[in-house]
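Enquirer: Just one file: my_file.cif, with mmCIF, C-alpha atoms.
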```
data_protein
#
loop_
_atom_site.group_PDB
_atom_site.id
_atom_site.type_symbol
_atom_site.label_atom_id
_atom_site.label_comp_id
_atom_site.auth_asym_id
_atom_site.auth_seq_id
_atom_site.Cartn_x
_atom_site.Cartn_y
_atom_site.Cartn_z
ATOM 1 C CA MET A 164 50.577 6.735 -70.125
ATOM 2 C CA SER A 165 52.893 9.110 -68.300
ATOM 3 C CA ALA A 166 51.000 12.149 -69.649
ATOM 4 C CA THR A 167 47.938 11.524 -67.483
ATOM 5 C CA PRO A 168 49.665 11.669 -64.060
ATOM 6 C CA THR A 169 51.600 14.770 -65.163
ATOM 7 C CA PHE A 170 48.369 16.467 -66.246
ATOM 8 C CA ALA A 171 46.660 15.476 -62.993
ATOM 9 C CA ALA A 172 49.592 16.737 -60.924
ATOM 10 C CA SER A 173 49.743 20.040 -62.797
ATOM 11 C CA THR A 174 45.973 20.475 -62.447
ATOM 12 C CA SER A 175 46.247 19.805 -58.712
ATOM 13 C CA ARG A 176 49.019 22.391 -58.317
ATOM 14 C CA TYR A 177 47.001 24.879 -60.361
ATOM 15 C CA ARG A 178 43.992 24.356 -58.102
ATOM 16 C CA GLU A 179 46.150 24.797 -54.994
ATOM 17 C CA ARG A 180 47.402 28.123 -56.332
ATOM 18 C CA LEU A 181 43.805 29.168 -56.888
ATOM 19 C CA LEU A 182 42.977 28.671 -53.188
ATOM 20 C CA GLU A 183 44.594 32.016 -52.367
ATOM 21 C CA VAL A 184 42.562 33.686 -55.110
ATOM 22 C CA TYR A 185 39.397 32.088 -53.762
ATOM 23 C CA LEU A 186 40.204 33.317 -50.258
ATOM 24 C CA VAL A 187 40.759 36.889 -51.464
ATOM 25 C CA MET A 188 37.577 36.801 -53.541
ATOM 26 C CA GLY A 189 35.637 35.464 -50.547
ATOM 27 C CA VAL A 190 36.933 38.252 -48.323
ATOM 28 C CA LEU A 191 36.030 40.848 -50.943
ATOM 29 C CA PHE A 192 32.581 39.288 -51.305
ATOM 30 C CA GLY A 193 32.134 39.436 -47.528
ATOM 31 C CA ILE A 194 33.066 43.113 -47.542
ATOM 32 C CA VAL A 195 30.527 43.779 -50.297
ATOM 33 C CA LEU A 196 27.836 41.878 -48.382
ATOM 34 C CA THR A 197 28.588 43.827 -45.211
ATOM 35 C CA LYS A 198 28.915 47.278 -46.765
ATOM 36 C CA GLY A 199 25.822 46.698 -48.894
ATOM 37 C CA GLU A 200 23.865 45.843 -45.733
ATOM 38 C CA LEU A 201 22.984 42.455 -47.180
ATOM 39 C CA VAL A 202 23.836 40.742 -43.883
ATOM 40 C CA SER A 203 21.628 43.072 -41.853
ATOM 41 C CA TRP A 204 18.694 41.347 -40.202
ATOM 42 C CA TYR A 205 16.703 44.568 -40.543
ATOM 43 C CA ARG A 206 17.226 44.671 -44.328
ATOM 44 C CA ILE A 207 16.218 41.032 -44.621
ATOM 45 C CA GLU A 208 13.146 41.544 -42.446
ATOM 46 C CA GLU A 209 12.246 44.578 -44.561
ATOM 47 C CA ALA A 210 12.350 42.392 -47.681
ATOM 48 C CA LEU A 211 10.442 39.497 -46.131
ATOM 49 C CA ARG A 212 7.674 41.873 -45.055
ATOM 50 C CA PHE A 213 7.633 43.490 -48.517
ATOM 51 C CA LYS A 214 8.389 46.916 -47.018
ATOM 52 C CA GLY A 215 11.333 47.746 -49.253
ATOM 53 C CA PRO A 216 12.703 46.712 -52.644
ATOM 54 C CA TYR A 217 16.430 46.881 -51.739
ATOM 55 C CA ILE A 218 17.149 43.141 -51.380
ATOM 56 C CA TYR A 219 15.003 42.313 -54.407
ATOM 57 C CA LEU A 220 16.908 44.820 -56.535
ATOM 58 C CA VAL A 221 20.202 43.276 -55.438
ATOM 59 C CA ILE A 222 18.924 39.803 -56.337
ATOM 60 C CA ALA A 223 17.715 41.079 -59.725
ATOM 61 C CA SER A 224 21.088 42.681 -60.449
ATOM 62 C CA ALA A 225 22.894 39.464 -59.481
ATOM 63 C CA PHE A 226 20.634 37.497 -61.808
ATOM 64 C CA ALA A 227 21.182 40.032 -64.602
ATOM 65 C CA VAL A 228 24.939 39.483 -64.320
ATOM 66 C CA ALA A 229 24.961 35.722 -63.683
ATOM 67 C CA ALA A 230 22.477 34.527 -66.309
ATOM 68 C CA PRO A 231 24.360 35.881 -69.350
ATOM 69 C CA GLY A 232 27.650 34.780 -67.771
ATOM 70 C CA PHE A 233 26.481 31.174 -67.401
ATOM 71 C CA ALA A 234 25.009 31.222 -70.906
ATOM 72 C CA LEU A 235 28.344 32.419 -72.292
ATOM 73 C CA LEU A 236 30.294 29.753 -70.380
ATOM 74 C CA LYS A 237 27.905 27.054 -71.559
ATOM 75 C CA ARG A 238 27.986 28.218 -75.185
ATOM 76 C CA ARG A 239 31.789 28.410 -75.298
ATOM 77 C CA ARG A 240 32.241 25.175 -73.353
ATOM 78 C CA ALA A 241 34.695 27.024 -71.167
ATOM 79 C CA ARG A 242 37.439 25.370 -69.185
ATOM 80 C CA LEU A 243 38.845 26.893 -66.035
ATOM 81 C CA THR A 244 41.069 24.150 -64.619
ATOM 82 C CA GLY A 245 41.452 21.989 -67.689
ATOM 83 C CA GLU A 246 38.115 20.294 -67.127
ATOM 84 C CA PRO A 247 34.978 21.361 -68.997
ATOM 85 C CA ILE A 248 32.330 23.143 -66.971
ATOM 86 C CA ALA A 249 29.277 20.919 -66.992
ATOM 87 C CA ILE A 250 25.914 21.950 -65.597
ATOM 88 C CA PRO A 251 23.851 18.751 -65.475
ATOM 89 C CA PRO A 252 20.094 18.955 -65.932
ATOM 90 C CA LYS A 253 18.101 18.905 -62.710
ATOM 91 C CA VAL A 254 15.935 15.878 -61.977
ATOM 92 C CA MET A 255 12.996 17.056 -59.887
ATOM 93 C CA GLY A 256 11.395 13.773 -58.909
ATOM 94 C CA ARG A 257 8.453 14.322 -56.575
ATOM 95 C CA GLY A 258 10.058 17.345 -54.954
ATOM 96 C CA VAL A 259 9.845 16.024 -51.384
ATOM 97 C CA ARG A 260 13.543 16.580 -50.783
ATOM 98 C CA TYR A 261 13.228 20.205 -51.927
ATOM 99 C CA VAL A 262 10.316 20.864 -49.583
ATOM 100 C CA ALA A 263 12.120 19.194 -46.666
ATOM 101 C CA GLY A 264 15.403 20.969 -47.449
ATOM 102 C CA GLY A 265 13.651 24.312 -47.861
ATOM 103 C CA ALA A 266 11.818 23.889 -44.572
ATOM 104 C CA LEU A 267 15.045 22.978 -42.751
ATOM 105 C CA PHE A 268 16.847 25.908 -44.387
ATOM 106 C CA GLY A 269 14.057 28.322 -43.436
ATOM 107 C CA LEU A 270 13.941 27.018 -39.882
ATOM 108 C CA GLY A 271 17.683 27.490 -39.473
ATOM 109 C CA TRP A 272 17.536 30.935 -41.032
ATOM 110 C CA GLY A 273 14.720 31.962 -38.719
ATOM 111 C CA ILE A 274 16.426 30.668 -35.574
ATOM 112 C CA VAL A 275 19.838 32.145 -36.380
ATOM 113 C CA GLY A 276 18.649 35.295 -38.095
ATOM 114 C CA ALA A 277 21.042 34.908 -41.013
ATOM 115 C CA CYS A 278 21.284 33.044 -44.279
ATOM 116 C CA PRO A 279 24.257 30.634 -44.508
ATOM 117 C CA GLY A 280 25.990 32.807 -47.113
ATOM 118 C CA PRO A 281 26.744 35.843 -44.935
ATOM 119 C CA LEU A 282 27.676 33.901 -41.788
ATOM 120 C CA PHE A 283 31.401 34.320 -42.394
ATOM 121 C CA ALA A 284 30.897 37.988 -43.303
ATOM 122 C CA LEU A 285 29.130 38.512 -39.979
ATOM 123 C CA VAL A 286 32.048 36.895 -38.127
ATOM 124 C CA GLY A 287 34.417 39.177 -40.037
ATOM 125 C CA ALA A 288 32.249 42.170 -39.146
ATOM 126 C CA GLY A 289 32.701 41.389 -35.460
ATOM 127 C CA VAL A 290 29.515 39.477 -34.649
ATOM 128 C CA GLY A 291 31.422 36.856 -32.669
ATOM 129 C CA VAL A 292 28.420 34.723 -31.754
ATOM 130 C CA MET A 293 28.126 33.790 -35.423
ATOM 131 C CA ALA A 294 31.373 31.792 -35.072
ATOM 132 C CA VAL A 295 29.334 29.198 -33.179
ATOM 133 C CA VAL A 296 26.802 29.178 -36.008
ATOM 134 C CA CYS A 297 29.617 28.753 -38.562
ATOM 135 C CA LEU A 298 30.939 25.746 -36.641
ATOM 136 C CA ALA A 299 27.423 24.299 -36.505
ATOM 137 C CA ALA A 300 27.037 24.851 -40.270
ATOM 138 C CA VAL A 301 30.339 23.073 -40.941
ATOM 139 C CA ALA A 302 29.276 20.226 -38.630
ATOM 140 C CA GLY A 303 25.959 19.966 -40.461
ATOM 141 C CA THR A 304 27.703 19.924 -43.833
ATOM 142 C CA TRP A 305 30.072 17.208 -42.634
ATOM 143 C CA THR A 306 27.147 15.186 -41.251
ATOM 144 C CA TYR A 307 25.326 15.440 -44.576
ATOM 145 C CA GLY A 308 28.469 14.337 -46.429
ATOM 146 C CA TYR A 309 28.787 11.369 -44.083
ATOM 147 C CA LEU A 310 25.126 10.360 -44.391
ATOM 148 C CA ARG A 311 24.720 11.155 -48.090
ATOM 149 C CA PRO A 312 25.383 7.607 -49.375
ATOM 150 C CA ARG A 313 22.584 6.324 -47.140
ATOM 151 C CA LEU A 314 20.052 9.035 -48.021
ATOM 152 C CA PRO A 315 17.509 8.664 -50.834
ATOM 153 C CA HIS A 316 18.450 10.904 -53.749
#
```
Could you render the structure as structure tokens?
Expert:
Amino acid sequence: MSATPTFAASTSRYRERLLEVYLVMGVLFGIVLTKGELVSWYRIEEALRFKGPYIYLVIASAFAVAAPGFALLKRRRARLTGEPIAIPPKVMGRGVRYVAGGALFGLGWGIVGACPGPLFALVGAGVGVMAVVCLAAVAGTWTYGYLRPRLPH
């Protein structure tokens, strides 16, 4: 019985050590987003108006890298922190929650002018007003976590 707490404690310490790696990777990702102009409202507007292929080519290249990577992880039943990586099948239901979530996401994106992903990159690039948006996003995430048990899933 003593092996389980030791394993859990070592896994917890391993995950804590990974936090620094995650921070560095996030900063590097933010730099790539900024330098690649993927946080630029003008690039995004260009894509949404179908005036340029740049964003679509970036998305295609990301998919070309991620799809084989996930397939390889799934086939090998890879373990990163001692726990198997499990990708559960998606249950669609009637799709109402996806339509509502997509509409809320699109509304927020349109009001703010940025997707949630690059918000932190924009703050790092010196767009200080996005700090308020980041705080609002964290507050919204916390609110969802608080209300989640009461929401229909």
Enquirer: Atom CA of A:Thr197 and atom CA of A:Gly287, how far apart in Å?
Expert: 9.1 Å
Enquirer: Kindly resolve the PyMOL selection byres ((chain A and resi 267-283) around 7) on the present coordinates and return the residues as a PDB file with C-alpha atoms, in the coordinates of the input.
Expert:
```pdb
ATOM      1  CA  GLY A 193      32.134  39.436 -47.528  1.00  0.00           C
ATOM      2  CA  VAL A 202      23.836  40.742 -43.883  1.00  0.00           C
ATOM      3  CA  TRP A 204      18.694  41.347 -40.202  1.00  0.00           C
ATOM      4  CA  ALA A 263      12.120  19.194 -46.666  1.00  0.00           C
ATOM      5  CA  GLY A 264      15.403  20.969 -47.449  1.00  0.00           C
ATOM      6  CA  GLY A 265      13.651  24.312 -47.861  1.00  0.00           C
ATOM      7  CA  ALA A 266      11.818  23.889 -44.572  1.00  0.00           C
ATOM      8  CA  ALA A 284      30.897  37.988 -43.303  1.00  0.00           C
ATOM      9  CA  LEU A 285      29.130  38.512 -39.979  1.00  0.00           C
ATOM     10  CA  VAL A 286      32.048  36.895 -38.127  1.00  0.00           C
ATOM     11  CA  GLY A 287      34.417  39.177 -40.037  1.00  0.00           C
ATOM     12  CA  MET A 293      28.126  33.790 -35.423  1.00  0.00           C
ATOM     13  CA  CYS A 297      29.617  28.753 -38.562  1.00  0.00           C
TER      14      CYS A 297
END
```
Enquirer: If you measure from atom CA of A:Ala234 to atom CA of A:Leu201, what distance in Å do you get, rounded to one decimal?
Expert: 26.3 Å
Enquirer: In Å, rounded to a single decimal, give me how far atom CA of A:Tyr307 is from atom CA of A:Val184.
Expert: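 Distance reported for this atom pair: 27.2 Å.
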Enquirer: Report the residues retrieved by the PyMOL selection byres ((chain A and resi 218) around 10) from the displayed file, expressed as a VMD selection string.
Expert: chain A and resid 199 to 201 206 to 211 213 215 to 217 219 to 224
Enquirer: So, counting only C-alpha atoms, which residue among A:Glu246, A:Val295, A:Pro315, A:Leu196 is closest to A:Arg178?
Expert: A:Glu246
Enquirer: Since fewer atoms than expected are present, regenerate N, CA and C atoms for stretch 290-302 of chain A and write them as a PDB file, keeping the file's coordinate frame.
Expert:
```
ATOM      1  N   VAL A 290      30.628  40.128 -35.349  1.00  0.00           N
ATOM      2  CA  VAL A 290      29.515  39.477 -34.649  1.00  0.00           C
ATOM      3  C   VAL A 290      30.012  38.090 -34.234  1.00  0.00           C
ATOM      4  N   GLY A 291      30.722  38.062 -33.114  1.00  0.00           N
ATOM      5  CA  GLY A 291      31.422  36.856 -32.669  1.00  0.00           C
ATOM      6  C   GLY A 291      30.547  35.645 -32.449  1.00  0.00           C
ATOM      7  N   VAL A 292      29.301  35.848 -32.022  1.00  0.00           N
ATOM      8  CA  VAL A 292      28.420  34.723 -31.754  1.00  0.00           C
ATOM      9  C   VAL A 292      28.163  33.898 -33.025  1.00  0.00           C
ATOM     10  N   MET A 293      28.333  34.514 -34.173  1.00  0.00           N
ATOM     11  CA  MET A 293      28.126  33.790 -35.423  1.00  0.00           C
ATOM     12  C   MET A 293      29.212  32.744 -35.678  1.00  0.00           C
ATOM     13  N   ALA A 294      30.336  32.823 -34.952  1.00  0.00           N
ATOM     14  CA  ALA A 294      31.373  31.792 -35.072  1.00  0.00           C
ATOM     15  C   ALA A 294      30.812  30.439 -34.644  1.00  0.00           C
ATOM     16  N   VAL A 295      29.978  30.438 -33.623  1.00  0.00           N
ATOM     17  CA  VAL A 295      29.334  29.198 -33.179  1.00  0.00           C
ATOM     18  C   VAL A 295      28.422  28.666 -34.287  1.00  0.00           C
ATOM     19  N   VAL A 296      27.700  29.569 -34.922  1.00  0.00           N
ATOM     20  CA  VAL A 296      26.802  29.178 -36.008  1.00  0.00           C
ATOM     21  C   VAL A 296      27.605  28.632 -37.189  1.00  0.00           C
ATOM     22  N   CYS A 297      28.750  29.251 -37.479  1.00  0.00           N
ATOM     23  CA  CYS A 297      29.617  28.753 -38.562  1.00  0.00           C
ATOM     24  C   CYS A 297      30.092  27.339 -38.262  1.00  0.00           C
ATOM     25  N   LEU A 298      30.507  27.099 -37.027  1.00  0.00           N
ATOM     26  CA  LEU A 298      30.939  25.746 -36.641  1.00  0.00           C
ATOM     27  C   LEU A 298      29.786  24.758 -36.767  1.00  0.00           C
ATOM     28  N   ALA A 299      28.590  25.174 -36.376  1.00  0.00           N
ATOM     29  CA  ALA A 299      27.423  24.299 -36.505  1.00  0.00           C
ATOM     30  C   ALA A 299      27.115  24.024 -37.974  1.00  0.00           C
ATOM     31  N   ALA A 300      27.279  25.041 -38.835  1.00  0.00           N
ATOM     32  CA  ALA A 300      27.037  24.851 -40.270  1.00  0.00           C
ATOM     33  C   ALA A 300      28.054  23.879 -40.865  1.00  0.00           C
ATOM     34  N   VAL A 301      29.306  23.999 -40.460  1.00  0.00           N
ATOM     35  CA  VAL A 301      30.339  23.073 -40.941  1.00  0.00           C
ATOM     36  C   VAL A 301      30.040  21.663 -40.436  1.00  0.00           C
ATOM     37  N   ALA A 302      29.628  21.539 -39.179  1.00  0.00           N
ATOM     38  CA  ALA A 302      29.276  20.226 -38.630  1.00  0.00           C
ATOM     39  C   ALA A 302      28.084  19.624 -39.382  1.00  0.00           C
TER      40      ALA A 302
END
```
